[in-house]
Amino acid sequence: MALLLALLISGCIQSMKVDIDDLLSNPERYQGRRICTEGIYVSGFEASALGASTYQVGGAVYLTAPAMWIERPDIRSRSDCFETQTTPPAEFCHATVCGLFECGGEYGHLGAYECQLRGGTAW
């Protein structure tokens, strides 16, 4: 147990890198695993989600479905960020996010997401 804890703290246990389209198309394959994936991360009021891309309607920007909730984000990289001119504003970034993948529940704001990636010390 002490060795496992030491490995977790030192970062020696690696997360597997998974393509976001494969992750969201085959969630059962990655259930309960620590993974890293790349996509478009949105953060803002009642928003912390990752999707493969975005689209616009009436000047507002949205993540394409399906998307997953990001709980306590462990963001490894961020680039090409922009903030929306909406009320409230949201920030969209291309990001690599890591965490424990969970699917088959109701996650995020109002339980709107079937899957989540849980970062932080929870995994």
# chains A, B, ... in the order shown; residues from 1 in each chain; ligands from 1
>>> select_by_dssp(residues="chain A", states="helix (DSSP H, G or I)", output="PyMOL selection string")
chain A and resi 2-10+20-25+27-30+109-111+120-122
>>> residues_around(residues="segment 61-71 of chain A", least_positions_apart="5", cutoff="9 Å", atoms="only C-alpha atoms", output="PDB file with N, CA and C atoms, in the first residue's frame")
ATOM      1  N   LEU A  24     -15.534   8.602 -26.284  1.00  0.00           N
ATOM      2  CA  LEU A  24     -16.969   8.888 -26.194  1.00  0.00           C
ATOM      3  C   LEU A  24     -17.824   7.916 -27.007  1.00  0.00           C
ATOM      4  N   SER A  25     -17.219   7.248 -28.007  1.00  0.00           N
ATOM      5  CA  SER A  25     -17.950   6.241 -28.788  1.00  0.00           C
ATOM      6  C   SER A  25     -17.963   4.876 -28.102  1.00  0.00           C
ATOM      7  N   ILE A  40     -11.747  20.039 -26.845  1.00  0.00           N
ATOM      8  CA  ILE A  40     -12.060  21.436 -26.551  1.00  0.00           C
ATOM      9  C   ILE A  40     -12.671  21.480 -25.157  1.00  0.00           C
ATOM     10  N   TYR A  41     -11.997  22.216 -24.259  1.00  0.00           N
ATOM     11  CA  TYR A  41     -12.439  22.340 -22.876  1.00  0.00           C
ATOM     12  C   TYR A  41     -13.131  23.680 -22.704  1.00  0.00           C
ATOM     13  N   VAL A  42     -14.327  23.652 -22.128  1.00  0.00           N
ATOM     14  CA  VAL A  42     -15.059  24.885 -21.833  1.00  0.00           C
ATOM     15  C   VAL A  42     -15.179  25.017 -20.323  1.00  0.00           C
ATOM     16  N   ALA A  47     -20.207  25.397 -15.936  1.00  0.00           N
ATOM     17  CA  ALA A  47     -19.676  24.690 -17.099  1.00  0.00           C
ATOM     18  C   ALA A  47     -18.244  24.250 -16.837  1.00  0.00           C
ATOM     19  N   SER A  48     -17.982  22.984 -17.077  1.00  0.00           N
ATOM     20  CA  SER A  48     -16.645  22.399 -17.040  1.00  0.00           C
ATOM     21  C   SER A  48     -16.752  21.112 -17.836  1.00  0.00           C
ATOM     22  N   ALA A  49     -16.564  21.199 -19.149  1.00  0.00           N
ATOM     23  CA  ALA A  49     -16.823  20.050 -20.014  1.00  0.00           C
ATOM     24  C   ALA A  49     -15.788  19.972 -21.125  1.00  0.00           C
ATOM     25  N   LEU A  50     -15.672  18.779 -21.711  1.00  0.00           N
ATOM     26  CA  LEU A  50     -14.740  18.530 -22.802  1.00  0.00           C
ATOM     27  C   LEU A  50     -15.487  17.846 -23.936  1.00  0.00           C
ATOM     28  N   GLY A  51     -15.290  18.333 -25.138  1.00  0.00           N
ATOM     29  CA  GLY A  51     -15.881  17.741 -26.329  1.00  0.00           C
ATOM     30  C   GLY A  51     -14.866  17.714 -27.456  1.00  0.00           C
ATOM     31  N   ALA A  52     -15.243  17.119 -28.569  1.00  0.00           N
ATOM     32  CA  ALA A  52     -14.328  16.994 -29.700  1.00  0.00           C
ATOM     33  C   ALA A  52     -14.191  18.290 -30.483  1.00  0.00           C
ATOM     34  N   SER A  53     -15.253  19.097 -30.531  1.00  0.00           N
ATOM     35  CA  SER A  53     -15.215  20.333 -31.317  1.00  0.00           C
ATOM     36  C   SER A  53     -16.338  21.261 -30.856  1.00  0.00           C
ATOM     37  N   THR A  54     -16.468  22.392 -31.541  1.00  0.00           N
ATOM     38  CA  THR A  54     -17.508  23.369 -31.218  1.00  0.00           C
ATOM     39  C   THR A  54     -18.338  23.682 -32.457  1.00  0.00           C
ATOM     40  N   TYR A  55     -19.472  24.320 -32.216  1.00  0.00           N
ATOM     41  CA  TYR A  55     -20.287  24.871 -33.295  1.00  0.00           C
ATOM     42  C   TYR A  55     -20.925  26.151 -32.783  1.00  0.00           C
ATOM     43  N   GLN A  56     -21.425  26.979 -33.712  1.00  0.00           N
ATOM     44  CA  GLN A  56     -22.034  28.254 -33.336  1.00  0.00           C
ATOM     45  C   GLN A  56     -23.478  28.327 -33.807  1.00  0.00           C
ATOM     46  N   THR A  84     -15.890  33.858 -24.724  1.00  0.00           N
ATOM     47  CA  THR A  84     -17.100  34.283 -25.432  1.00  0.00           C
ATOM     48  C   THR A  84     -17.551  35.651 -24.934  1.00  0.00           C
ATOM     49  N   PHE A  92     -13.158  28.816 -23.926  1.00  0.00           N
ATOM     50  CA  PHE A  92     -12.944  27.591 -24.685  1.00  0.00           C
ATOM     51  C   PHE A  92     -11.460  27.483 -25.003  1.00  0.00           C
ATOM     52  N   VAL A  97      -6.571  16.822 -21.012  1.00  0.00           N
ATOM     53  CA  VAL A  97      -7.123  16.672 -19.667  1.00  0.00           C
ATOM     54  C   VAL A  97      -6.964  15.212 -19.245  1.00  0.00           C
ATOM     55  N   GLY A  99      -7.567  12.149 -15.988  1.00  0.00           N
ATOM     56  CA  GLY A  99      -8.332  11.811 -14.798  1.00  0.00           C
ATOM     57  C   GLY A  99      -8.897  10.408 -14.870  1.00  0.00           C
ATOM     58  N   CYS A 103     -18.487   6.512 -16.488  1.00  0.00           N
ATOM     59  CA  CYS A 103     -19.613   6.682 -17.402  1.00  0.00           C
ATOM     60  C   CYS A 103     -20.790   5.847 -16.912  1.00  0.00           C
ATOM     61  N   TYR A 107     -23.775  13.190 -14.415  1.00  0.00           N
ATOM     62  CA  TYR A 107     -22.678  13.995 -13.895  1.00  0.00           C
ATOM     63  C   TYR A 107     -22.849  15.453 -14.291  1.00  0.00           C
ATOM     64  N   GLY A 108     -22.167  16.309 -13.553  1.00  0.00           N
ATOM     65  CA  GLY A 108     -22.129  17.721 -13.908  1.00  0.00           C
ATOM     66  C   GLY A 108     -23.374  18.480 -13.516  1.00  0.00           C
ATOM     67  N   HIS A 109     -23.456  19.690 -14.025  1.00  0.00           N
ATOM     68  CA  HIS A 109     -24.564  20.583 -13.707  1.00  0.00           C
ATOM     69  C   HIS A 109     -25.894  19.963 -14.128  1.00  0.00           C
ATOM     70  N   ALA A 112     -26.445  16.588 -16.447  1.00  0.00           N
ATOM     71  CA  ALA A 112     -26.639  16.642 -17.894  1.00  0.00           C
ATOM     72  C   ALA A 112     -25.667  15.777 -18.704  1.00  0.00           C
ATOM     73  N   TYR A 113     -24.658  15.195 -18.061  1.00  0.00           N
ATOM     74  CA  TYR A 113     -23.636  14.440 -18.791  1.00  0.00           C
ATOM     75  C   TYR A 113     -23.650  12.979 -18.361  1.00  0.00           C
ATOM     76  N   GLU A 114     -23.530  12.059 -19.328  1.00  0.00           N
ATOM     77  CA  GLU A 114     -23.503  10.628 -19.036  1.00  0.00           C
ATOM     78  C   GLU A 114     -22.141  10.164 -18.549  1.00  0.00           C
ATOM     79  N   CYS A 115     -21.084  10.912 -18.880  1.00  0.00           N
ATOM     80  CA  CYS A 115     -19.723  10.525 -18.518  1.00  0.00           C
ATOM     81  C   CYS A 115     -18.995  11.702 -17.895  1.00  0.00           C
ATOM     82  N   GLN A 116     -17.947  11.374 -17.119  1.00  0.00           N
ATOM     83  CA  GLN A 116     -17.106  12.430 -16.568  1.00  0.00           C
ATOM     84  C   GLN A 116     -15.664  11.953 -16.494  1.00  0.00           C
ATOM     85  N   LEU A 117     -14.772  12.921 -16.461  1.00  0.00           N
ATOM     86  CA  LEU A 117     -13.359  12.683 -16.224  1.00  0.00           C
ATOM     87  C   LEU A 117     -13.049  13.394 -14.919  1.00  0.00           C
ATOM     88  N   ARG A 118     -12.666  12.613 -13.906  1.00  0.00           N
ATOM     89  CA  ARG A 118     -12.465  13.156 -12.567  1.00  0.00           C
ATOM     90  C   ARG A 118     -10.978  13.250 -12.283  1.00  0.00           C
ATOM     91  N   GLY A 119     -10.492  14.474 -12.139  1.00  0.00           N
ATOM     92  CA  GLY A 119      -9.080  14.712 -11.864  1.00  0.00           C
ATOM     93  C   GLY A 119      -8.831  14.958 -10.399  1.00  0.00           C
ATOM     94  N   GLY A 120      -7.762  15.671 -10.122  1.00  0.00           N
ATOM     95  CA  GLY A 120      -7.422  16.009  -8.746  1.00  0.00           C
ATOM     96  C   GLY A 120      -6.932  14.813  -7.959  1.00  0.00           C
TER      97      GLY A 120
END
>>> atom_distance(atom1="atom CA of Leu23 of chain A", atom2="atom CA of Cys98 of chain A")
12.5 Å
>>> atom_distance(atom1="atom CA of Asp80 of chain A", atom2="atom CA of Phe101 of chain A")
24.8 Å
>>> select_by_dssp(residues="segment 57-111 of chain A", states="strand (DSSP E)", output="PyMOL selection string")
chain A and resi 57+60-63+67-71+74-83+90-107
>>> atom_distance(atom1="atom CA of Asp74 of chain A", atom2="atom CA of Asp21 of chain A")
19.4 Å
>>> closest_residue(among="A:Gln14, A:Thr86, A:Thr37, A:Gln31", to="Gly58 of chain A", atoms="only C-alpha atoms")
A:Thr86
>>> residues_around(residues="Thr87 of chain A", least_positions_apart="2", cutoff="12 Å", atoms="only C-alpha atoms", output="PyMOL selection string")
chain A and resi 44-45+60+83-85+89-91
